[in-house]
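Enquirer: One structure follows; several queries about it will come next.
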Protein chains: 6
Amino acid sequence: MPSDPFFHPVSGFDLPRFAGVPTFMRLPHVSPDHPRFNDVQIGLIGVPWDSGTTNRPGPRHGPRQLRDASTMIRAQHQPTGMRPFETAACADLGDVGPNPADIADSMTRITSFYDRVHQAGIRPLTAGGDHLTSLPVLRALARGGPLGMVHFDSHTDLFHSYFGGTMYTHGTPFRRAVEEGLLDPKRVIQIGIRGTMYDAEDRDFAKAEGIRIVEIEEFFARGVEDVMQEAREIAGTGPTYVSYDIDFVDPTFAPGTGTPEVGGPNSYQALQVCRALAGLNIVGADLVEVSPPFDSSGGTAFLGASIMFELLCAMLAGA
Amino acid sequence: MPSDPFFHPVSGFDLPRFAGVPTFMRLPHVSPDHPRFNDVQIGLIGVPWDSGTTNRPGPRHGPRQLRDASTMIRAQHQPTGMRPFETAACADLGDVGPNPADIADSMTRITSFYDRVHQAGIRPLTAGGDHLTSLPVLRALARGGPLGMVHFDSHTDLFHSYFGGTMYTHGTPFRRAVEEGLLDPKRVIQIGIRGTMYDAEDRDFAKAEGIRIVEIEEFFARGVEDVMQEAREIAGTGPTYVSYDIDFVDPTFAPGTGTPEVGGPNSYQALQVCRALAGLNIVGADLVEVSPPFDSSGGTAFLGASIMFELLCAMLAGA
Amino acid sequence: MPSDPFFHPVSGFDLPRFAGVPTFMRLPHVSPDHPRFNDVQIGLIGVPWDSGTTNRPGPRHGPRQLRDASTMIRAQHQPTGMRPFETAACADLGDVGPNPADIADSMTRITSFYDRVHQAGIRPLTAGGDHLTSLPVLRALARGGPLGMVHFDSHTDLFHSYFGGTMYTHGTPFRRAVEEGLLDPKRVIQIGIRGTMYDAEDRDFAKAEGIRIVEIEEFFARGVEDVMQEAREIAGTGPTYVSYDIDFVDPTFAPGTGTPEVGGPNSYQALQVCRALAGLNIVGADLVEVSPPFDSSGGTAFLGASIMFELLCAMLAGA
Amino acid sequence: MPSDPFFHPVSGFDLPRFAGVPTFMRLPHVSPDHPRFNDVQIGLIGVPWDSGTTNRPGPRHGPRQLRDASTMIRAQHQPTGMRPFETAACADLGDVGPNPADIADSMTRITSFYDRVHQAGIRPLTAGGDHLTSLPVLRALARGGPLGMVHFDSHTDLFHSYFGGTMYTHGTPFRRAVEEGLLDPKRVIQIGIRGTMYDAEDRDFAKAEGIRIVEIEEFFARGVEDVMQEAREIAGTGPTYVSYDIDFVDPTFAPGTGTPEVGGPNSYQALQVCRALAGLNIVGADLVEVSPPFDSSGGTAFLGASIMFELLCAMLAGA
Amino acid sequence: MPSDPFFHPVSGFDLPRFAGVPTFMRLPHVSPDHPRFNDVQIGLIGVPWDSGTTNRPGPRHGPRQLRDASTMIRAQHQPTGMRPFETAACADLGDVGPNPADIADSMTRITSFYDRVHQAGIRPLTAGGDHLTSLPVLRALARGGPLGMVHFDSHTDLFHSYFGGTMYTHGTPFRRAVEEGLLDPKRVIQIGIRGTMYDAEDRDFAKAEGIRIVEIEEFFARGVEDVMQEAREIAGTGPTYVSYDIDFVDPTFAPGTGTPEVGGPNSYQALQVCRALAGLNIVGADLVEVSPPFDSSGGTAFLGASIMFELLCAMLAGA
Amino acid sequence: MPSDPFFHPVSGFDLPRFAGVPTFMRLPHVSPDHPRFNDVQIGLIGVPWDSGTTNRPGPRHGPRQLRDASTMIRAQHQPTGMRPFETAACADLGDVGPNPADIADSMTRITSFYDRVHQAGIRPLTAGGDHLTSLPVLRALARGGPLGMVHFDSHTDLFHSYFGGTMYTHGTPFRRAVEEGLLDPKRVIQIGIRGTMYDAEDRDFAKAEGIRIVEIEEFFARGVEDVMQEAREIAGTGPTYVSYDIDFVDPTFAPGTGTPEVGGPNSYQALQVCRALAGLNIVGADLVEVSPPFDSSGGTAFLGASIMFELLCAMLAGA
């Protein structure tokens with residue numbers, strides 16, 4: 001059933017792309033207390049939060065810059081012809097307000113917001129925020145049982161702790177998620193892993209739990225299609241989360257991020273991996289670690305917005 | 001009468017300043033078809049348009065960047081203690097959609113929007129756009145007769161035409177406005193004029209019509225207080241428009257503009273001149289020529305937003 | 001016949017590359033009133049004009065920055081050993097002066113300049129300017145009948161109109177050119193098309209007229225050689241124009257442009273497609289949409305200058 | 001007694017200023033376990049920490065960029081002829097390692113480091129870090145009783161709490177310091193305060209406690225000399241701390257900071273206020289809130305390093 | 001006698017300022033072998049050379065960027081109404097080609113070029129290059145005897161040598177010039193000197209020779225008018241050279257330079273000091289140390305071009 | 001034998017990566033007069049020198065920025081699991097102090113430093129500096145006879161001279177090295193050569209001497225593995241030097257360099273070629289031409305630091 005025109009974005013043929021208050025993809029702004037909230041099917045949400053960052057901060061500014069860049073996105077997906085905004089009711093649900101000086105309080109606020117979204121039957125497409133963002137989101141989405149996950153990143157984010165025992169950082173979310181039963185490790189695949197390593201503690205955990213890691217050498221040797229077919233097999237038909245760290249992409253294509261690792265995929269491959277998600281049962285997705293202070297040209301934000309559009313199409317291709 | 005809390009901006013103590021969809025000063029977004037439109041007293045409006053620019057374009061991106069920067073503005077004016085958002089109902093009325101490839105069509109669209117605003121009894125505070133923006137705005141505001149004007153700028157914008165007879169550029173708006181009877185030249189003062197000159201054709205026009213020009217040497221020699229007292233006397237008690245070209249300010253303080261002239265006022269003086277407008281009968285004001293492509297650090301936008309806040313307070317100080 | 005040393009560029013072994021008044025590739029500046037004008041065989045021309053831009057302006061600054069970057073270009077083409085400046089008399093013919101505030105006037109000026117160039121038997125290599133530049137150029141070059149065209153771009157630029165009927169923008173030049181009989185659609189191929197779409201109106205027009213569109217997925221799947229062989233077959237032996245929009249290239253390699261689309265060719269492929277033009281009967285070529293305000297590092301200008309050198313060699317390889 | 005040559009910086013006449021591992025002002029790196037630690041009289045210390053930042057993060061990168069910029073500082077103070085490095089044994093004591101994801105743990109680490117410094121009889125000159133840095137430093141320095149303070153800033157940093165009760169942020173350190181008895185409010189003066197305000201809660205606290213606030217209007221009206229004479233009188237002869245927030249300076253001169261307020265002092269005044277501290281009994285000083293991600297040209301860091309040199313001279317002028 | 005229209009710059013009313021091959025102030029390019037060379041009265045010359053730089057290089061790129069920025073300069077001087085290009089025949093004489101890897105060879109080339117200029121009766125206005133540039137220029141201009149000099153700078157450039165005996169660097173030109181009898185030290189004044197010092201060796205030399213140094217504290221205390229009256233008295237009526245190092249200006253206003261010192265004059269004062277040169281017998285002038293790699297916004301180049309225009313007017317005001 | 005913990009870098013799990021005085025890869029700073037100097041096996045050395053640069057200067061700032069970026073490097077090599085800092089005693093030996101205004105003096109200083117390093121049995125890994133740096137280094141390392149060399153670059157650096165006979169520039173080091181008997185031309189391979197050419201004089205020299213040049217077209221056609229196998233065969237088992245000019249990499253991935261050539265390898269290939277050096281008898285290696293003034297985002301420095309880590313692993317893989 002085509003979506004209500006209320007939910008259609010403003011066209012660039014009518015209002016130039018640089019004009020107007022910038023919401024995600026020029027969609028209507030529908031906060032939880034808006035009368036149309038319960039009609040939304042896919043909610044684009046910002047989580048401007050980076051308190052879990054152990055190195056260079058900045059992703060708290062991500063959602064605003066992604067909104068700005070996303071006004072360049074148009075209505076139709078080129079390779080498939082899909083028109084997602086006519087396929088499902090999409091809206092910008094606004095930002096979750098974090099507490100920049102209290103990690104625990106922020107996680108509570110985020111989970112609480114996503115509980116409300118989830119209960120309204122809205123599938124969330126999140127713009128982070130650093131990668132710790134995924135943890136409080138998963139806490140809301142996995143209330144019905146552990147999820148599978150397709151995870152694009154240059155890091156595993158599976159470490160036990162940092163700085164002498166600190167458990168909640170952007171290097172630990174999926175360790176916690178497995179421990180808390182939010183993810184089914186056998187249905188988790190991590191793609192693009194690379195860069196110099198502290199040690200192999202994260203890899204050992206992955207091996208022990210059954211998490212599949214595809215390092216970048218294997219990724220380039222096998223190619224996108226082959227790797228992504230395996231990803232679909234691992235995630236299977238169950239409810240699946242997609243987490244996309246922008247540092248999966250080579251830092252030349254995505255400099256605006258805090259922990260870059262050279263030697264990664266290019267921008268075309270960055271889109272291709274999303275297209276190969278079609279058919280999965282995606283209950284939510286996020287794009288994280290876009291850090292505007294390190295993105296002087298705005299290119300990372302535009303790539304990020306393009307990836308969000310691809311994720312949106314993938315979420316609908318599986319419906 | 002204190003304004004309705006509906007019109008109060010979101011506080012940075014509740015939601016961090018970097019969070020949320022960026023409207024002007026975190027005010028509610030009230031477009032002309034919104035049910036509360038007629039309750040608005042001061043409307044902040046973007047005009048993302050720079051087709052009149054003869055040199056370096058970019059002000060079409062001004063409103064969006066000014067919105068972003070304006071989220072750093074808080075609730076209370078330091079020198080006076082005024083809390084403008086509690087004093088009057090203020091709102092972000094959105095952008096006027098221009099036609100970037102048709103000057104005449106754009107001017108019609110702008111005047112039409114401001115007619116509607118004016119008829120609703122809303123006083124506009126405009127974020128341009130290049131300086132040609134002021135012309136279609138004045139066409140709406142001056143329907144009741146010619147206005148006085150206090151004009152801050154490094155250029156007079158009083159030229160007859162460019163490029164062999166082109167009448168509508170950002171160097172000609174006030175020549176047109178005088179010719180069309182929108183401004184009373186005897187009640188017009190231009191402050192801060194400087195920079196190398198093509199010739200004296202604009203100054204001759206000013207002299208002939210009785211427009212008062214305060215060049216920068218006089219401005220610095222006499223000081224802000226003395227010059228502004230004269231400005232208040234010239235504008236008098238009649239309805240007055242305030243037009244603030246960001247290139248009034250020295251380009252080191254405001255690099256994000258297309259036609260900079262070195263040797264201008266600093267940022268403190270940029271605020272002081274606004275504060276000295278208190279008491280005037282201001283029917284509208286604009287801040288124009290903020291050009292984000294030339295403002296890599298964002299400092300011009302933040303200064304521009306700070307000036308807009310000062311203009312807002314001045315509009316209310318005269319009520 | 002080797003060219004007159006008057007037309008040889010200054011060598012970087014004699015004068016360092018950063019020194020001297022920057023003309024295109026350090027060639028002599030030969031404006032139409034120069035005594036050697038009629039001896040020129042290939043004229044490098046700037047068209048500093050972007051009034052057709054519907055989104056982010058800036059290409060009016062393109063020619064100057066391309067001249068600056070082009071002083072890094074040396075005398076010999078590496079893959080073929082061609083020394084173009086000794087092969088043909090090349091010169092910088094200067095800029096066409098546009099009217100930044102009048103589109104129709106500007107188009108007249110441009111066509112008039114190119115008429116003079118064309119009548120002098122000079123083949124033009126143009127540095128834009130936005131893509132609307134190609135239309136008034138084609139009006140001069142196609143006086144003898146419709147031309148074929150090889151067109152590198154991420155957009156088709158075949159739309160009917162924008163903003164409620166505006167016919168002349170950088171999204172419409174080739175629609176106009178086909179309508180005006182300047183191009184033979186059966187001899188036109190567009191390569192690299194990608195990005196989110198408004199709708200398929202442009203593709204429908206292409207299909208109806210017989211224009212061949214190679215979308216980016218096909219381009220990457222088949223490879224440069226195979227696609228370019230088809231391009232040569234489509235253009236055939238007749239007079240052919242080459243139009244190269246810098247946004248054909250991935251925006252990471254060419255950030256300095258107004259309407260980027262991620263997921264495009266890299267810089268090596270950007271050169272390869274030019275080399276594969278050798279043998280065509282090229283009557284003129286352009287490189288457009290280089291926008292310095294969005295090219296903070298200058299990398300786009302240097303890539304653009306390198307592409308211009310390749311186009312120059314291709315124009316001579318076909319002689 | 002002139003200092004040991006071991007403590008003299010490397011001269012730019014011997015080793016070019018861009019060469020060498022960058023320590024503060026090219027001083028020897030003497031960490032607490034170094035054999036010469038107890039010979040140090042003034043210790044330059046970095047606190048790369050910004051977890052208290054409520055808006056734009058970045059000061060965690062401050063110490064490293066300040067070290068880099070400080071290699072431009074030479075040996076002699078121009079206005080007085082003082083040669084501080086020959087006057088006292090100065091050294092770079094390195095950085096205090098914070099825990100970026102745990103505020104309480106970080107404060108403990110900082111206080112512990114400064115306890116050790118203080119016990120060794122070393123006076124600390126700190127490079128922050130955000131303004132919360134001052135609190136754990138004061139906890140170590142004020143063990144002998146409350147200190148006086150001369151505080152340069154555009155904000156009072158006297159708020160009670162943020163985001164619903166969060167007590168430790170960069171907007172609250174001096175509220176806490178007064179509450180904890182680390183500062184004697186009667187001997188505290190805050191200079192340069194300006195910018196839009198949330199409300200007057202901080203000013204009410206200052207008034208109740210007897211803290212003197214000099215707002216920017218008063219500062220400019222009276223001039224540096226007059227204001228600073230009052231500052232010296234307020235601080236008196238007792239042990240005094242100097243806290244210098246770089247946002248005291250106008251953001252055009254110091255863009256690299258997270259919470260700028262336009263309309264502040266220029267760079268000459270920024271130095272003058274330090275020179276007027278001579279004669280005070282300074283037990284420690286800090287320069288905070290330098291945020292490299294917002295300082296693309298590096299000018300803020302160089303100004304910051306210049307201010308640190310002035311503070312160093314002031315610390316010695318009072319000996 | 002008004003100058004020949006051949007020597008008039010192109011007007012921005014005819015050709016937009018961003019168009020055309022960029023020569024200094026849009027003047028004709030008249031190299032020494034041009035037929036009109038001997039008609040030139042004031043020659044604008046670039047010396048793209050920075051081999052004397054002891055810290056951050058870049059001024060070799062100065063002339064090109066100054067040419068680009070100078071296209072924003074118009075025909076008439078605002079404070080006086082002078083129209084310099086109609087008063088004297090001005091032209092862009094091009095660049096002197098240095099040898100970037102051989103200091104002695106470069107100095108020979110520069111002196112040789114200026115000998116030719118001087119013999120043609122052309123007064124040179126030079127765009128450097130680092131400050132060593134002034135030495136080979138003075139060698140040509142002082143063939144008739146030692147000159148007076150008004151020197152704006154933050155450094156004296158009077159050191160004996162660097163790095164163990166290197167005599168020719170940008171810190172030594174005026175020491176050499178005095179030693180070589182090119183300058184009459186009694187007729188030399190240095191204005192704006194400031195910044196941390198290696199030692200007082202340069203000041204001792206100045207004192208011994210009778211060079212007048214006005215440090216920045218004195219400059220601000222006395223004001224521009226008073227200091228410049230003394231400058232005119234010191235230079236007297238004899239032939240005088242003006243050397244303007246852009247680092248005289250505060251680095252916030254002129255970040256694009258290699259050895260900045262904070263706490264300097266603003267852009268208005270930067271112009272005022274030039275205006276106060278009127279009446280002197282100026283035989284040549286230079287603006288040096290503009291370093292584009294450190295001038296990301298281009299503001300330094302525009303200020304530099306504005307200063308060059310002021311110097312040009314001062315050279316003609318004394319005629 | 002595992003290395004002494006004294007030589008282990010500080011872990012980012014203990015001290016955040018942005019903290020601490022930045023040495024190469026957080027190694028101990030061991031200058032030649034340090035007691036542990038003779039225990040070092042691999043010495044990381046900075047040569048901040050660019051006097052041989054014929055175009056855009058800046059590599060003198062390379063070592064400092066590479067040190068800063070290298071603090072992001074961790075302890076373990078991902079593809080092989082090697083932990084180089086535990087395999088060999090590595091240290092930061094500091095910078096060689098050049099004389100920026102005297103090329104011959106600088107070369108003497110550099111050779112002298114490397115003689116001392118070489119005599120201590122330390123293998124050097126150098127961070128330049130422009131490419132002339134390699135010549136004085138080779139003079140020290142080749143005292144035992146000519147070396148083989150694997151050379152990654154876009155230029156051959158084999159020219160005879162510049163600017164009328166200047167023999168020592170960054171375009172001539174390997175011509176000199178062959179002439180001086182420092183390199184065995186039959187054991188030299190140059191990979192990645194591309195870009196427009198002055199002429200073929202360098203290629204003719206290579207051919208005459210037996211130097212193998214792999215142009216970029218051949219590199220891409222054959223692939224990394226095949227080309228590098230040939231490289232290993234050419235270098236053979238004798239002592240071999242590795243020289244890596246960052247402009248080997250495409251300038252989009254490495255914009256921070258002075259003489260870029262478009263159309264080069266990406267960042268993954270940039271790493272792959274290093275990994276294929278394993279097994280060679282590497283007596284020293286350098287990474288040169290990183291130029292921070294042209295690297296606004298810092299990405300080139302981070303790529304450079306990543307390449308240095310790969311070179312380090314290659315040096316140890318061959319042990």
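Here, A, B, ... name the chains of the structure tokens in the order displayed, residue numbers run from 1 inside each chain, and ligands are numbered from 1 in the same displayed order.
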As a compact mmCIF listing (two decimals) with C-alpha atoms, in the first residue's frame, please: every residue in stretch 24-269 of chain D that DSSP puts in alpha helix (DSSP H).

Expert:
```txt
# COMPACT_ATOMS: atom_id res chain seq x y z
CA GLY D 62 44.77 20.46 23.53
CA PRO D 63 48.05 19.52 25.24
CA ARG D 64 49.56 17.91 22.18
CA GLN D 65 48.75 20.82 19.90
CA LEU D 66 49.93 23.31 22.51
CA ARG D 67 53.23 21.47 22.76
CA ASP D 68 53.61 21.64 18.99
CA ALA D 69 52.80 25.37 18.83
CA SER D 70 54.97 26.14 21.86
CA PRO D 84 62.26 32.69 32.56
CA PHE D 85 64.06 29.45 31.74
CA GLU D 86 67.24 30.86 33.23
CA THR D 87 65.33 32.24 36.22
CA ILE D 103 34.74 11.21 35.04
CA ALA D 104 35.20 10.23 38.66
CA ASP D 105 38.18 7.98 37.92
CA SER D 106 39.78 10.78 35.87
CA MET D 107 39.39 13.31 38.67
CA THR D 108 41.07 10.93 41.08
CA ARG D 109 43.96 10.38 38.70
CA ILE D 110 44.46 14.12 38.20
CA THR D 111 44.37 15.04 41.86
CA SER D 112 46.77 12.23 42.63
CA PHE D 113 49.27 13.48 40.03
CA TYR D 114 49.07 17.05 41.30
CA ASP D 115 49.46 15.93 44.89
CA ARG D 116 52.78 14.45 43.90
CA VAL D 117 53.78 17.62 42.04
CA HIS D 118 52.69 19.83 44.89
CA GLN D 119 54.52 17.75 47.46
CA SER D 134 40.66 23.02 37.28
CA LEU D 135 38.63 21.27 39.96
CA PRO D 136 40.82 18.19 40.57
CA VAL D 137 43.90 20.44 40.30
CA LEU D 138 42.55 22.78 42.96
CA ARG D 139 41.83 19.80 45.20
CA ALA D 140 45.57 19.15 45.32
CA LEU D 141 46.75 22.75 45.51
CA PRO D 173 33.90 23.55 38.52
CA PHE D 174 34.05 26.75 40.56
CA ARG D 175 30.65 26.16 42.17
CA ARG D 176 32.08 22.89 43.41
CA ALA D 177 35.39 24.51 44.38
CA VAL D 178 33.63 27.08 46.53
CA GLU D 179 31.39 24.44 48.08
CA GLU D 201 21.42 31.45 38.62
CA ASP D 202 25.23 31.64 38.42
CA ARG D 203 25.27 35.40 38.98
CA ASP D 204 23.02 35.03 42.01
CA PHE D 205 25.41 32.49 43.48
CA ALA D 206 28.36 34.81 42.84
CA LYS D 207 26.59 37.71 44.48
CA ALA D 208 25.63 35.65 47.50
CA GLU D 209 29.19 34.37 47.97
CA ILE D 216 32.85 42.51 29.17
CA GLU D 217 31.12 45.89 28.90
CA GLU D 218 32.79 47.00 32.12
CA PHE D 219 36.08 45.52 30.98
CA PHE D 220 36.10 47.53 27.76
CA ALA D 221 34.82 50.67 29.41
CA ARG D 222 37.45 50.72 32.15
CA VAL D 224 42.87 46.52 31.15
CA GLU D 225 44.96 48.48 33.62
CA ASP D 226 42.13 49.61 35.82
CA VAL D 227 40.39 46.25 35.92
CA MET D 228 43.59 44.39 36.63
CA GLN D 229 44.49 46.70 39.49
CA GLU D 230 41.20 45.73 41.09
CA ALA D 231 42.00 42.07 40.37
CA ARG D 232 45.29 42.35 42.21
CA GLU D 233 43.56 43.98 45.15
CA ILE D 234 40.93 41.28 45.34
CA ALA D 235 43.44 38.45 45.13
CA SER D 267 45.10 39.06 21.28
CA TYR D 268 47.00 42.06 22.63
CA GLN D 269 44.60 42.42 25.54
```

Enquirer: How close does chain E get to chain C? List, as JSON lines, each residue of chain E within 10 Å, its nearest atom pair and the distance in Å to one decimal, counting only C-alpha atoms.

Expert:
```
{"residue": "E:Phe13", "atom": "CA", "partner": "C:Asn99", "partner_atom": "CA", "distance": 9.8}
{"residue": "E:Asp14", "atom": "CA", "partner": "C:Gly97", "partner_atom": "CA", "distance": 8.0}
{"residue": "E:Leu15", "atom": "CA", "partner": "C:Gly97", "partner_atom": "CA", "distance": 5.5}
{"residue": "E:Pro16", "atom": "CA", "partner": "C:Gly97", "partner_atom": "CA", "distance": 7.0}
{"residue": "E:Arg17", "atom": "CA", "partner": "C:Gly97", "partner_atom": "CA", "distance": 9.9}
{"residue": "E:Phe18", "atom": "CA", "partner": "C:His61", "partner_atom": "CA", "distance": 6.2}
{"residue": "E:Ala19", "atom": "CA", "partner": "C:Pro48", "partner_atom": "CA", "distance": 6.0}
{"residue": "E:Gly20", "atom": "CA", "partner": "C:Asp95", "partner_atom": "CA", "distance": 5.3}
{"residue": "E:Val21", "atom": "CA", "partner": "C:Thr23", "partner_atom": "CA", "distance": 6.5}
{"residue": "E:Pro22", "atom": "CA", "partner": "C:Val21", "partner_atom": "CA", "distance": 7.0}
{"residue": "E:Thr23", "atom": "CA", "partner": "C:Val21", "partner_atom": "CA", "distance": 6.5}
{"residue": "E:Phe24", "atom": "CA", "partner": "C:Val21", "partner_atom": "CA", "distance": 9.1}
{"residue": "E:His29", "atom": "CA", "partner": "C:Val21", "partner_atom": "CA", "distance": 8.4}
{"residue": "E:Gly46", "atom": "CA", "partner": "C:Gly20", "partner_atom": "CA", "distance": 8.0}
{"residue": "E:Val47", "atom": "CA", "partner": "C:Ala19", "partner_atom": "CA", "distance": 8.2}
{"residue": "E:Pro48", "atom": "CA", "partner": "C:Ala19", "partner_atom": "CA", "distance": 6.0}
{"residue": "E:Trp49", "atom": "CA", "partner": "C:Ala19", "partner_atom": "CA", "distance": 8.9}
{"residue": "E:Arg60", "atom": "CA", "partner": "C:Phe18", "partner_atom": "CA", "distance": 7.2}
{"residue": "E:His61", "atom": "CA", "partner": "C:Phe18", "partner_atom": "CA", "distance": 6.2}
{"residue": "E:Gly62", "atom": "CA", "partner": "C:Phe18", "partner_atom": "CA", "distance": 9.3}
{"residue": "E:Pro63", "atom": "CA", "partner": "C:Ala19", "partner_atom": "CA", "distance": 7.8}
{"residue": "E:Arg64", "atom": "CA", "partner": "C:Val21", "partner_atom": "CA", "distance": 6.9}
{"residue": "E:Gln65", "atom": "CA", "partner": "C:Asp68", "partner_atom": "CA", "distance": 9.5}
{"residue": "E:Arg67", "atom": "CA", "partner": "C:Val21", "partner_atom": "CA", "distance": 8.2}
{"residue": "E:Asp68", "atom": "CA", "partner": "C:Arg64", "partner_atom": "CA", "distance": 8.4}
{"residue": "E:Asp92", "atom": "CA", "partner": "C:Val21", "partner_atom": "CA", "distance": 9.3}
{"residue": "E:Leu93", "atom": "CA", "partner": "C:Val21", "partner_atom": "CA", "distance": 9.7}
{"residue": "E:Gly94", "atom": "CA", "partner": "C:Gly20", "partner_atom": "CA", "distance": 6.2}
{"residue": "E:Asp95", "atom": "CA", "partner": "C:Gly20", "partner_atom": "CA", "distance": 5.3}
{"residue": "E:Val96", "atom": "CA", "partner": "C:Ala19", "partner_atom": "CA", "distance": 7.9}
{"residue": "E:Gly97", "atom": "CA", "partner": "C:Leu15", "partner_atom": "CA", "distance": 5.5}
{"residue": "E:Pro98", "atom": "CA", "partner": "C:Leu15", "partner_atom": "CA", "distance": 7.5}
{"residue": "E:Asn99", "atom": "CA", "partner": "C:Pro16", "partner_atom": "CA", "distance": 7.6}
{"residue": "E:Pro100", "atom": "CA", "partner": "C:Pro16", "partner_atom": "CA", "distance": 7.7}
{"residue": "E:Ser296", "atom": "CA", "partner": "C:Ser296", "partner_atom": "CA", "distance": 7.9}
{"residue": "E:Ser297", "atom": "CA", "partner": "C:Ser296", "partner_atom": "CA", "distance": 9.1}
```

Enquirer: So which residues of stretch 3-164 of chain D fall under strand (DSSP E or B) by DSSP, listed as a VMD selection string?

Expert: chain D and resid 29 42 to 46 76 90 to 95 123 to 127 147 to 152 162

Enquirer: Could you jot down the atom CA of E:Ser161 to atom CA of E:Arg187 separation for me, Å, one decimal place?

Expert: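 Interatomic distance, atom CA of E:Ser161 to atom CA of E:Arg187: 23.4 Å.
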
Enquirer: Which residues are close to stretch 148-157 of chain F, i.e. within 6 Å by only C-alpha atoms, leaving aside same-chain residues fewer than 6 positions away? Reply as a ChimeraX atom specification.

Expert: /F:171-172,183-184,187-194,235,240-245,247-248

Enquirer: Interatomic distance between atom CA of F:Ala305 and atom CA of D:Leu303?

Expert: 28.6 Å

Enquirer: Which is closer to C:Phe163 than all the others in B:Pro239, B:Ala200, B:Leu312, B:Ala101, using only C-alpha atoms?

Expert: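 Closest candidate: B:Ala101.
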
Enquirer: Pick from A:Ile282, A:Met315, A:Ile246, A:Ala127: nearest to A:Gly299, with only C-alpha atoms counted?

Expert: A:Ile246

Enquirer: To one decimal in Å, tell me the separation between atom CA of D:Pro59 and atom CA of D:Gly256.

Expert: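 Taking atom CA of D:Pro59 as the start and atom CA of D:Gly256 as the end point, the length is 9.0 Å.
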